[in-house]
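run.pdb follows; it contains PDB, C-alpha atoms.
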```pdb
MODEL        1
ATOM      1  CA  MET A  27      12.633   6.057 -19.478
ATOM      2  CA  ILE A  28       8.867   6.224 -19.117
ATOM      3  CA  ASN A  29       7.568   9.393 -20.747
ATOM      4  CA  GLY A  30      10.936  11.032 -20.141
ATOM      5  CA  ILE A  31      11.185   9.913 -16.499
ATOM      6  CA  SER A  32      14.061   7.604 -15.644
ATOM      7  CA  ILE A  33      13.188   4.335 -13.907
ATOM      8  CA  ASN A  34      15.576   5.371 -11.125
ATOM      9  CA  TYR A  35      13.123   7.987  -9.897
ATOM     10  CA  TYR A  36      10.384   5.389  -9.663
ATOM     11  CA  ILE A  37      12.723   3.110  -7.711
ATOM     12  CA  LEU A  38      13.574   5.992  -5.369
ATOM     13  CA  LEU A  39       9.922   6.901  -4.834
ATOM     14  CA  SER A  40       8.925   3.299  -4.151
ATOM     15  CA  ALA A  41      11.827   2.798  -1.761
ATOM     16  CA  ILE A  42      10.915   5.948   0.176
ATOM     17  CA  LEU A  43       7.239   4.950   0.427
ATOM     18  CA  PHE A  44       8.227   1.450   1.534
ATOM     19  CA  ILE A  45      10.534   2.830   4.216
ATOM     20  CA  ILE A  46       7.833   5.202   5.479
ATOM     21  CA  GLY A  47       5.585   2.165   5.905
ATOM     22  CA  ALA A  48       8.329   0.168   7.623
ATOM     23  CA  VAL A  49       9.141   2.987  10.050
ATOM     24  CA  GLY A  50       5.444   3.322  10.805
ATOM     25  CA  VAL A  51       5.240  -0.366  11.675
ATOM     26  CA  MET A  52       8.206   0.014  14.032
ATOM     27  CA  ALA A  53       7.273   3.327  15.650
ATOM     28  CA  ARG A  54       3.525   3.087  16.283
ATOM     29  CA  ARG A  55       1.630   1.045  18.859
ATOM     30  CA  ASN A  56      -1.872   1.204  17.426
ATOM     31  CA  SER A  57      -2.546  -2.035  15.526
ATOM     32  CA  ILE A  58      -4.784  -0.326  12.968
ATOM     33  CA  ILE A  59      -2.086   2.210  12.096
ATOM     34  CA  ILE A  60       0.344  -0.695  11.711
ATOM     35  CA  PHE A  61      -2.111  -2.305   9.306
ATOM     36  CA  MET A  62      -2.329   0.899   7.282
ATOM     37  CA  CYS A  63       1.457   1.093   7.113
ATOM     38  CA  ILE A  64       1.512  -2.460   5.747
ATOM     39  CA  GLU A  65      -0.930  -1.296   3.054
ATOM     40  CA  LEU A  66       1.439   1.573   2.262
ATOM     41  CA  MET A  67       4.325  -0.891   1.837
ATOM     42  CA  LEU A  68       2.223  -3.103  -0.442
ATOM     43  CA  ASN A  69       1.391  -0.080  -2.570
ATOM     44  CA  ALA A  70       5.019   0.936  -2.879
ATOM     45  CA  VAL A  71       5.785  -2.512  -4.281
ATOM     46  CA  ASN A  72       2.773  -2.293  -6.608
ATOM     47  CA  LEU A  73       3.999   1.036  -7.952
ATOM     48  CA  LEU A  74       7.405  -0.422  -8.728
ATOM     49  CA  LEU A  75       5.855  -3.464 -10.432
ATOM     50  CA  VAL A  76       3.705  -1.239 -12.644
ATOM     51  CA  SER A  77       6.612   1.007 -13.555
ATOM     52  CA  PHE A  78       8.802  -1.937 -14.557
ATOM     53  CA  SER A  79       5.891  -3.482 -16.458
ATOM     54  CA  THR A  80       5.423  -0.242 -18.407
ATOM     55  CA  LEU A  81       9.144   0.023 -18.995
ATOM     56  CA  HIS A  82       9.450  -3.476 -20.420
ATOM     57  CA  ASN A  83       6.108  -3.199 -22.236
ATOM     58  CA  ASP A  84       4.955  -6.426 -20.599
ATOM     59  CA  ALA A  85       1.433  -6.721 -19.223
ATOM     60  CA  LYS A  86       2.286  -9.575 -16.847
ATOM     61  CA  GLY A  87       3.537  -7.193 -14.153
ATOM     62  CA  GLN A  88       0.230  -5.354 -14.133
ATOM     63  CA  VAL A  89      -1.689  -8.636 -13.876
ATOM     64  CA  PHE A  90       0.430  -9.412 -10.827
ATOM     65  CA  VAL A  91      -0.515  -6.065  -9.310
ATOM     66  CA  PHE A  92      -4.151  -6.948  -9.889
ATOM     67  CA  PHE A  93      -3.667 -10.202  -7.971
ATOM     68  CA  ILE A  94      -1.819  -8.403  -5.180
ATOM     69  CA  MET A  95      -4.777  -6.042  -4.804
ATOM     70  CA  ALA A  96      -7.190  -8.974  -4.503
ATOM     71  CA  VAL A  97      -5.000 -10.674  -1.889
ATOM     72  CA  ALA A  98      -4.636  -7.372   0.002
ATOM     73  CA  ALA A  99      -8.406  -7.010   0.118
ATOM     74  CA  ALA A 100      -8.775 -10.506   1.581
ATOM     75  CA  GLU A 101      -5.934  -9.852   4.041
ATOM     76  CA  VAL A 102      -7.449  -6.602   5.275
ATOM     77  CA  ALA A 103     -10.874  -8.187   5.754
ATOM     78  CA  VAL A 104      -9.484 -11.058   7.840
ATOM     79  CA  GLY A 105      -7.044  -8.827   9.734
ATOM     80  CA  LEU A 106      -9.650  -6.279  10.716
ATOM     81  CA  ALA A 107     -12.015  -9.066  11.817
ATOM     82  CA  ILE A 108      -9.265 -10.429  14.076
ATOM     83  CA  LEU A 109      -8.565  -6.940  15.436
ATOM     84  CA  SER A 110     -12.204  -6.282  16.221
ATOM     85  CA  MET A 111     -12.406  -9.641  18.003
ATOM     86  CA  ILE A 112      -9.301  -8.738  20.038
ATOM     87  CA  TYR A 113     -10.850  -5.386  20.886
ATOM     88  CA  ARG A 114     -14.047  -7.100  21.989
ATOM     89  CA  ASN A 115     -12.095  -9.343  24.390
ATOM     90  CA  VAL A 116      -9.244  -7.123  25.613
ATOM     91  CA  LYS A 117     -10.804  -3.624  25.095
ATOM     92  CA  SER A 118      -7.544  -2.414  23.561
ATOM     93  CA  ILE A 119      -5.552  -2.825  20.349
ATOM     94  CA  ASP A 120      -2.269  -1.576  21.774
ATOM     95  CA  THR A 121       0.454  -3.919  20.497
ATOM     96  CA  ASP A 122       2.369  -3.762  23.794
ATOM     97  CA  LEU A 123      -0.604  -5.131  25.704
ATOM     98  CA  LEU A 124      -1.148  -8.000  23.281
ATOM     99  CA  SER A 125       1.808 -10.054  24.471
ATOM    100  CA  ASN A 126       0.015 -13.200  25.635
ATOM    101  CA  LEU A 127       1.906 -15.341  23.121
ATOM    102  CA  LYS A 128       5.188 -14.366  24.773
ATOM    103  CA  HIS A 129       4.510 -16.188  28.061
TER     104      HIS A 129
ATOM    105  CA  MET B  25       8.728  25.102 -18.281
ATOM    106  CA  LEU B  26      12.227  25.354 -16.770
ATOM    107  CA  GLY B  27      13.443  22.653 -19.140
ATOM    108  CA  TYR B  28      11.083  19.983 -17.846
ATOM    109  CA  THR B  29       8.141  18.483 -19.687
ATOM    110  CA  ILE B  30       4.648  18.543 -18.246
ATOM    111  CA  THR B  31       4.910  14.828 -17.458
ATOM    112  CA  GLN B  32       8.026  15.389 -15.407
ATOM    113  CA  TRP B  33       6.326  18.210 -13.503
ATOM    114  CA  LEU B  34       3.339  15.974 -12.793
ATOM    115  CA  PHE B  35       5.637  13.179 -11.651
ATOM    116  CA  GLY B  36       7.459  15.502  -9.281
ATOM    117  CA  ILE B  37       4.316  16.999  -7.794
ATOM    118  CA  LEU B  38       2.610  13.611  -7.371
ATOM    119  CA  SER B  39       5.725  12.089  -5.800
ATOM    120  CA  PHE B  40       6.099  14.985  -3.369
ATOM    121  CA  LEU B  41       2.437  14.751  -2.355
ATOM    122  CA  ALA B  42       2.576  10.959  -2.009
ATOM    123  CA  ILE B  43       5.635  11.103   0.256
ATOM    124  CA  MET B  44       4.232  13.980   2.312
ATOM    125  CA  PHE B  45       0.870  12.301   2.866
ATOM    126  CA  GLY B  46       2.662   9.022   3.599
ATOM    127  CA  LEU B  47       4.645  10.765   6.341
ATOM    128  CA  LEU B  48       1.457  12.304   7.701
ATOM    129  CA  VAL B  49      -0.125   8.826   7.897
ATOM    130  CA  VAL B  50       2.646   7.765  10.253
ATOM    131  CA  PHE B  51       2.921  10.974  12.264
ATOM    132  CA  SER B  52      -0.661  12.093  12.789
ATOM    133  CA  LYS B  53      -1.926  11.331  16.266
ATOM    134  CA  ASN B  54      -5.576  10.726  15.433
ATOM    135  CA  PRO B  55      -6.256   7.428  13.603
ATOM    136  CA  VAL B  56      -9.118   8.984  11.615
ATOM    137  CA  ASN B  57      -6.728  11.607  10.225
ATOM    138  CA  SER B  58      -4.302   8.799   9.394
ATOM    139  CA  VAL B  59      -6.920   7.022   7.300
ATOM    140  CA  LEU B  60      -7.838  10.214   5.453
ATOM    141  CA  TYR B  61      -4.175  10.913   4.665
ATOM    142  CA  LEU B  62      -3.828   7.324   3.457
ATOM    143  CA  VAL B  63      -6.735   7.947   1.037
ATOM    144  CA  LEU B  64      -4.856  10.957  -0.341
ATOM    145  CA  THR B  65      -1.656   8.900  -0.676
ATOM    146  CA  PHE B  66      -3.568   6.277  -2.632
ATOM    147  CA  PHE B  67      -5.022   8.934  -4.930
ATOM    148  CA  CYS B  68      -1.479  10.150  -5.629
ATOM    149  CA  ILE B  69      -0.416   6.584  -6.441
ATOM    150  CA  ALA B  70      -3.434   6.256  -8.757
ATOM    151  CA  GLY B  71      -2.222   9.440 -10.447
ATOM    152  CA  HIS B  72       1.156   7.759 -10.954
ATOM    153  CA  TYR B  73      -0.600   4.794 -12.570
ATOM    154  CA  LEU B  74      -2.428   7.158 -14.922
ATOM    155  CA  LEU B  75       0.874   8.840 -15.744
ATOM    156  CA  MET B  76       2.257   5.446 -16.771
ATOM    157  CA  ASN B  77      -0.861   4.846 -18.903
ATOM    158  CA  ALA B  78      -2.006   1.970 -16.683
ATOM    159  CA  GLN B  79      -5.625   3.069 -16.798
ATOM    160  CA  PHE B  80      -7.230  -0.188 -15.692
ATOM    161  CA  LEU B  81      -5.055  -0.415 -12.605
ATOM    162  CA  ALA B  82      -5.671   3.240 -11.720
ATOM    163  CA  ILE B  83      -9.430   2.682 -11.707
ATOM    164  CA  VAL B  84      -9.174  -0.642  -9.854
ATOM    165  CA  HIS B  85      -6.819   0.943  -7.330
ATOM    166  CA  ILE B  86      -9.266   3.731  -6.518
ATOM    167  CA  VAL B  87     -12.256   1.377  -6.407
ATOM    168  CA  VAL B  88     -10.592  -1.303  -4.276
ATOM    169  CA  TYR B  89      -8.458   0.807  -1.949
ATOM    170  CA  ALA B  90     -10.248   4.126  -1.533
ATOM    171  CA  GLY B  91     -13.671   2.591  -2.058
ATOM    172  CA  ALA B  92     -13.503  -0.637  -0.110
ATOM    173  CA  ILE B  93     -10.442  -1.141   2.075
ATOM    174  CA  LEU B  94     -10.156   2.328   3.591
ATOM    175  CA  VAL B  95     -13.889   2.550   4.215
ATOM    176  CA  LEU B  96     -13.475  -0.703   6.143
ATOM    177  CA  PHE B  97     -10.622   0.865   8.148
ATOM    178  CA  LEU B  98     -12.691   3.958   8.880
ATOM    179  CA  PHE B  99     -15.622   1.823   9.898
ATOM    180  CA  ILE B 100     -13.535  -0.215  12.357
ATOM    181  CA  ILE B 101     -11.885   2.892  13.823
ATOM    182  CA  MET B 102     -15.231   4.552  14.414
ATOM    183  CA  LEU B 103     -16.606   1.304  15.839
ATOM    184  CA  MET B 104     -13.760   1.166  18.370
ATOM    185  CA  ASN B 105     -14.067   4.912  19.083
ATOM    186  CA  LEU B 106     -10.320   5.507  18.923
ATOM    187  CA  ASN B 107      -8.808   8.949  19.367
ATOM    188  CA  GLU B 108      -5.426  10.388  20.243
ATOM    189  CA  ASP B 109      -5.737   9.607  23.968
ATOM    190  CA  SER B 110      -6.255   5.895  23.391
ATOM    191  CA  GLU B 111      -2.708   5.266  22.171
ATOM    192  CA  PRO B 112       0.213   5.755  24.554
ATOM    193  CA  GLN B 113       3.290   6.995  22.745
ATOM    194  CA  ARG B 114       6.434   4.955  22.348
ATOM    195  CA  THR B 115       9.569   6.267  24.035
ATOM    196  CA  TRP B 116      11.825   8.602  22.078
ATOM    197  CA  LEU B 117      14.590   6.009  22.099
ATOM    198  CA  THR B 118      12.369   3.506  20.266
ATOM    199  CA  LYS B 119      11.305   6.144  17.755
ATOM    200  CA  ILE B 120      14.894   7.167  17.063
ATOM    201  CA  ILE B 121      15.938   3.526  16.650
ATOM    202  CA  ALA B 122      13.006   2.956  14.262
ATOM    203  CA  ALA B 123      13.929   5.992  12.177
ATOM    204  CA  ALA B 124      17.607   5.002  12.117
ATOM    205  CA  SER B 125      16.905   1.445  11.019
ATOM    206  CA  GLY B 126      14.503   2.789   8.382
ATOM    207  CA  GLY B 127      17.196   5.110   7.091
ATOM    208  CA  LEU B 128      19.681   2.254   6.939
ATOM    209  CA  MET B 129      17.168   0.104   5.059
ATOM    210  CA  LEU B 130      16.596   2.940   2.561
ATOM    211  CA  PHE B 131      20.366   3.246   2.130
ATOM    212  CA  VAL B 132      20.701  -0.483   1.418
ATOM    213  CA  LEU B 133      17.715  -0.529  -0.975
ATOM    214  CA  ILE B 134      18.952   2.431  -2.997
ATOM    215  CA  GLY B 135      22.497   1.106  -2.994
ATOM    216  CA  SER B 136      21.429  -2.275  -4.296
ATOM    217  CA  LEU B 137      19.064  -0.869  -6.938
ATOM    218  CA  LYS B 138      21.343   1.892  -8.180
ATOM    219  CA  GLY B 139      22.455  -0.010 -11.265
ATOM    220  CA  ALA B 140      18.913  -0.797 -12.364
ATOM    221  CA  GLU B 141      18.969   1.538 -15.346
ATOM    222  CA  LYS B 142      21.382  -0.845 -17.025
ATOM    223  CA  LEU B 143      18.579  -3.423 -17.041
ATOM    224  CA  THR B 144      16.395  -1.324 -19.343
ATOM    225  CA  LEU B 145      15.318  -2.706 -22.674
ATOM    226  CA  THR B 146      16.155  -0.810 -25.797
ATOM    227  CA  SER B 147      12.659  -0.558 -27.257
ATOM    228  CA  TYR B 148      10.335   1.892 -25.589
ATOM    229  CA  GLY B 149       7.046   1.259 -27.313
ATOM    230  CA  ALA B 150       4.181   3.626 -26.752
ATOM    231  CA  ALA B 151       2.857   2.106 -23.545
ATOM    232  CA  GLN B 152      -0.331   0.290 -24.496
ATOM    233  CA  THR B 153       0.148  -2.445 -21.906
ATOM    234  CA  GLY B 154      -2.097  -0.893 -19.288
ATOM    235  CA  MET B 155      -5.186  -0.712 -21.493
ATOM    236  CA  VAL B 156      -8.169  -2.817 -20.503
ATOM    237  CA  LYS B 157      -8.167  -4.696 -23.819
ATOM    238  CA  ASN B 158      -4.517  -5.673 -23.614
ATOM    239  CA  LEU B 159      -4.650  -6.566 -19.929
ATOM    240  CA  GLY B 160      -7.826  -8.605 -20.335
ATOM    241  CA  LYS B 161      -6.215 -10.733 -23.016
ATOM    242  CA  VAL B 162      -3.262 -11.559 -20.771
ATOM    243  CA  LEU B 163      -5.455 -12.075 -17.704
ATOM    244  CA  PHE B 164      -7.866 -14.479 -19.362
ATOM    245  CA  LYS B 165      -5.297 -16.370 -21.444
ATOM    246  CA  ASP B 166      -2.069 -16.750 -19.474
ATOM    247  CA  PHE B 167      -3.442 -16.178 -15.979
ATOM    248  CA  LEU B 168      -6.850 -17.824 -16.106
ATOM    249  CA  PHE B 169      -6.074 -20.412 -13.419
ATOM    250  CA  PRO B 170      -4.698 -17.899 -10.877
ATOM    251  CA  PHE B 171      -7.740 -15.732 -11.593
ATOM    252  CA  GLU B 172     -10.052 -18.587 -10.610
ATOM    253  CA  ILE B 173      -7.940 -19.341  -7.528
ATOM    254  CA  ILE B 174      -8.310 -15.696  -6.455
ATOM    255  CA  SER B 175     -12.070 -16.102  -6.443
ATOM    256  CA  VAL B 176     -11.692 -19.154  -4.166
ATOM    257  CA  LEU B 177      -9.401 -17.109  -1.919
ATOM    258  CA  LEU B 178     -11.939 -14.303  -1.627
ATOM    259  CA  LEU B 179     -14.666 -16.810  -0.804
ATOM    260  CA  ALA B 180     -12.452 -18.413   1.845
ATOM    261  CA  ALA B 181     -11.672 -14.975   3.312
ATOM    262  CA  MET B 182     -15.378 -14.161   3.448
ATOM    263  CA  VAL B 183     -16.222 -17.402   5.262
ATOM    264  CA  GLY B 184     -13.244 -16.902   7.580
ATOM    265  CA  VAL B 185     -14.266 -13.362   8.485
ATOM    266  CA  ILE B 186     -17.799 -14.474   9.338
ATOM    267  CA  LEU B 187     -16.409 -17.320  11.440
ATOM    268  CA  ILE B 188     -13.978 -15.040  13.295
ATOM    269  CA  GLY B 189     -16.466 -12.268  13.868
ATOM    270  CA  LYS B 190     -19.207 -14.515  15.174
ATOM    271  CA  LYS B 191     -19.947 -14.180  18.864
ATOM    272  CA  GLU B 192     -19.245 -17.422  20.688
ATOM    273  CA  THR B 193     -22.306 -18.827  22.403
ATOM    274  CA  LYS B 194     -21.996 -21.600  24.900
TER     275      LYS B 194
ENDMDL
END
```
Show how you would write the structure in this file as structure tokens.
Amino acid sequence: MINGISINYYILLSAILFIIGAVGVMARRNSIIIFMCIELMLNAVNLLLVSFSTLHNDAKGQVFVFFIMAVAAAEVAVGLAILSMIYRNVKSIDTDLLSNLKH
Amino acid sequence: MLGYTITQWLFGILSFLAIMFGLLVVFSKNPVNSVLYLVLTFFCIAGHYLLMNAQFLAIVHIVVYAGAILVLFLFIIMLMNLNEDSEPQRTWLTKIIAAASGGLMLFVLIGSLKGAEKLTLTSYGAAQTGMVKNLGKVLFKDFLFPFEIISVLLLAAMVGVILIGKKETK
């Protein structure tokens, strides 16, 4: 229990947020929306890490979340640079059109 | 209030808002609206961090995500001039399959994590772990080396972004 809230509710909330992100990755074609859904999934995992860290009274989980945030920032910077380069060359960021690696 | 404490009310409201805004991120047609809903989702998650007394992470979350990452997203979207016409929709069959597989994944996740409450420790100290003082001690004692590596990673990402974004001249 964290402040009278069972850890199960945090698990449920994180699972639902993660699944929303996963469904977004599968159902959308815009690469930027897919990126945002990946961010949503990362945040669901972060939330669960923080809740377990608070539950066990151990600061290591929160330090891990801090590192995840730093890595996410680097990932987003590189990913968006790649996307803008793709847009400059192909004039589209539709995932169905970006299938050159398939052939 | 109705047998629930104020913390439980706040948890419920924040969770409902987070899930609703998360759904709106996926379902809104205009990418700019998606980014704005994602900002609101992240504010709800920051509220959850505050509720768990993880103050440092709540502030860092708002600064890094709402302040840096989502502004970057917004910037790129406006640079590309995307709107609802620029994205052709997937077929209904694909959407239904995506939703079904998501539902199955949720089922599996909840099923496998259902017994997690048995993992709980017996001592619930007043949560002081999220304070800046406490977190700083752990970060700069146990995790000093990873902290330095993160700075190298950010530098590498910066150099990489400049290299990728540079226009090729021949």
Exercise for review: Could you state which residues are captured by the PyMOL selection byres ((chain B) within 7 of (chain A)) in this file, as a PyMOL selection string?
Suggested key: chain B and resi 31-32+39+43+46-47+50+55+76+93+111+114+118-119+122-123+126+130+133-134+141+145+148-149+151+153-154+159+162-163+178+181+184-185+188-189
Check your understanding: What does the distance from CA of Ile100 in chain B to CA of Ser58 in chain B come to in Å, to one decimal?
Key -> 13.2 Å
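Going from CA of Leu187 in chain B over to CA of Pro170 in chain B, you cover 25.2 Å.
Comparing the minimum interatomic distances between Val49 in chain B and each of B:Leu74, B:Leu62, B:Val87, B:Leu96, counting all atoms listed in the file, we find that B:Leu62 sits nearest.
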Point to revise | d(CA of Ala70 in chain B, CA of Ala82 in chain B) in Å | key: 4.8 Å
**Study point:** Surrounding residues of Val156 in chain B excluding itself and chain neighbours under 6 positions, 9 Å, only C-alpha atoms, as a VMD selection string
**Key:** chain B and resid 78 to 81
**Study point:** Closest of B:Leu98, B:Leu75, B:Ile69, B:Leu106 to Trp33 in chain B - atom-to-atom distances counting all atoms listed in the file
**Key:** B:Leu75
Residues within 12 Å of (-3.7, 12.2, -1.3), counting only C-alpha atoms, listed as a tab-separated table (two decimals) with C-alpha atoms, in the coordinates of the input:
```tsv
chain	number	residue	atom	x	y	z
B	37	ILE	CA	4.32	17.00	-7.79
B	38	LEU	CA	2.61	13.61	-7.37
B	39	SER	CA	5.72	12.09	-5.80
B	40	PHE	CA	6.10	14.98	-3.37
B	41	LEU	CA	2.44	14.75	-2.36
B	42	ALA	CA	2.58	10.96	-2.01
B	43	ILE	CA	5.64	11.10	0.26
B	44	MET	CA	4.23	13.98	2.31
B	45	PHE	CA	0.87	12.30	2.87
B	46	GLY	CA	2.66	9.02	3.60
B	47	LEU	CA	4.64	10.76	6.34
B	48	LEU	CA	1.46	12.30	7.70
B	49	VAL	CA	-0.12	8.83	7.90
B	57	ASN	CA	-6.73	11.61	10.22
B	58	SER	CA	-4.30	8.80	9.39
B	59	VAL	CA	-6.92	7.02	7.30
B	60	LEU	CA	-7.84	10.21	5.45
B	61	TYR	CA	-4.18	10.91	4.66
B	62	LEU	CA	-3.83	7.32	3.46
B	63	VAL	CA	-6.74	7.95	1.04
B	64	LEU	CA	-4.86	10.96	-0.34
B	65	THR	CA	-1.66	8.90	-0.68
B	66	PHE	CA	-3.57	6.28	-2.63
B	67	PHE	CA	-5.02	8.93	-4.93
B	68	CYS	CA	-1.48	10.15	-5.63
B	69	ILE	CA	-0.42	6.58	-6.44
B	70	ALA	CA	-3.43	6.26	-8.76
B	71	GLY	CA	-2.22	9.44	-10.45
B	72	HIS	CA	1.16	7.76	-10.95
B	86	ILE	CA	-9.27	3.73	-6.52
B	90	ALA	CA	-10.25	4.13	-1.53
```
Can you take range 97-111 of chain A from the block and write C-alpha atoms as a tab-separated table (two decimals), in the first residue's frame?
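Written out: part-v3.tsv:
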```tsv
chain	number	residue	atom	x	y	z
A	97	VAL	CA	18.19	7.95	-22.50
A	98	ALA	CA	14.69	8.84	-23.75
A	99	ALA	CA	15.80	12.41	-24.37
A	100	ALA	CA	18.78	11.21	-26.42
A	101	GLU	CA	16.58	8.71	-28.29
A	102	VAL	CA	13.99	11.33	-29.19
A	103	ALA	CA	16.64	13.77	-30.43
A	104	VAL	CA	18.24	11.18	-32.72
A	105	GLY	CA	14.90	9.74	-33.84
A	106	LEU	CA	13.42	13.08	-34.78
A	107	ALA	CA	16.61	14.01	-36.65
A	108	ILE	CA	16.29	10.79	-38.67
A	109	LEU	CA	12.61	11.49	-39.32
A	110	SER	CA	13.26	15.01	-40.53
A	111	MET	CA	15.98	13.69	-42.84
```
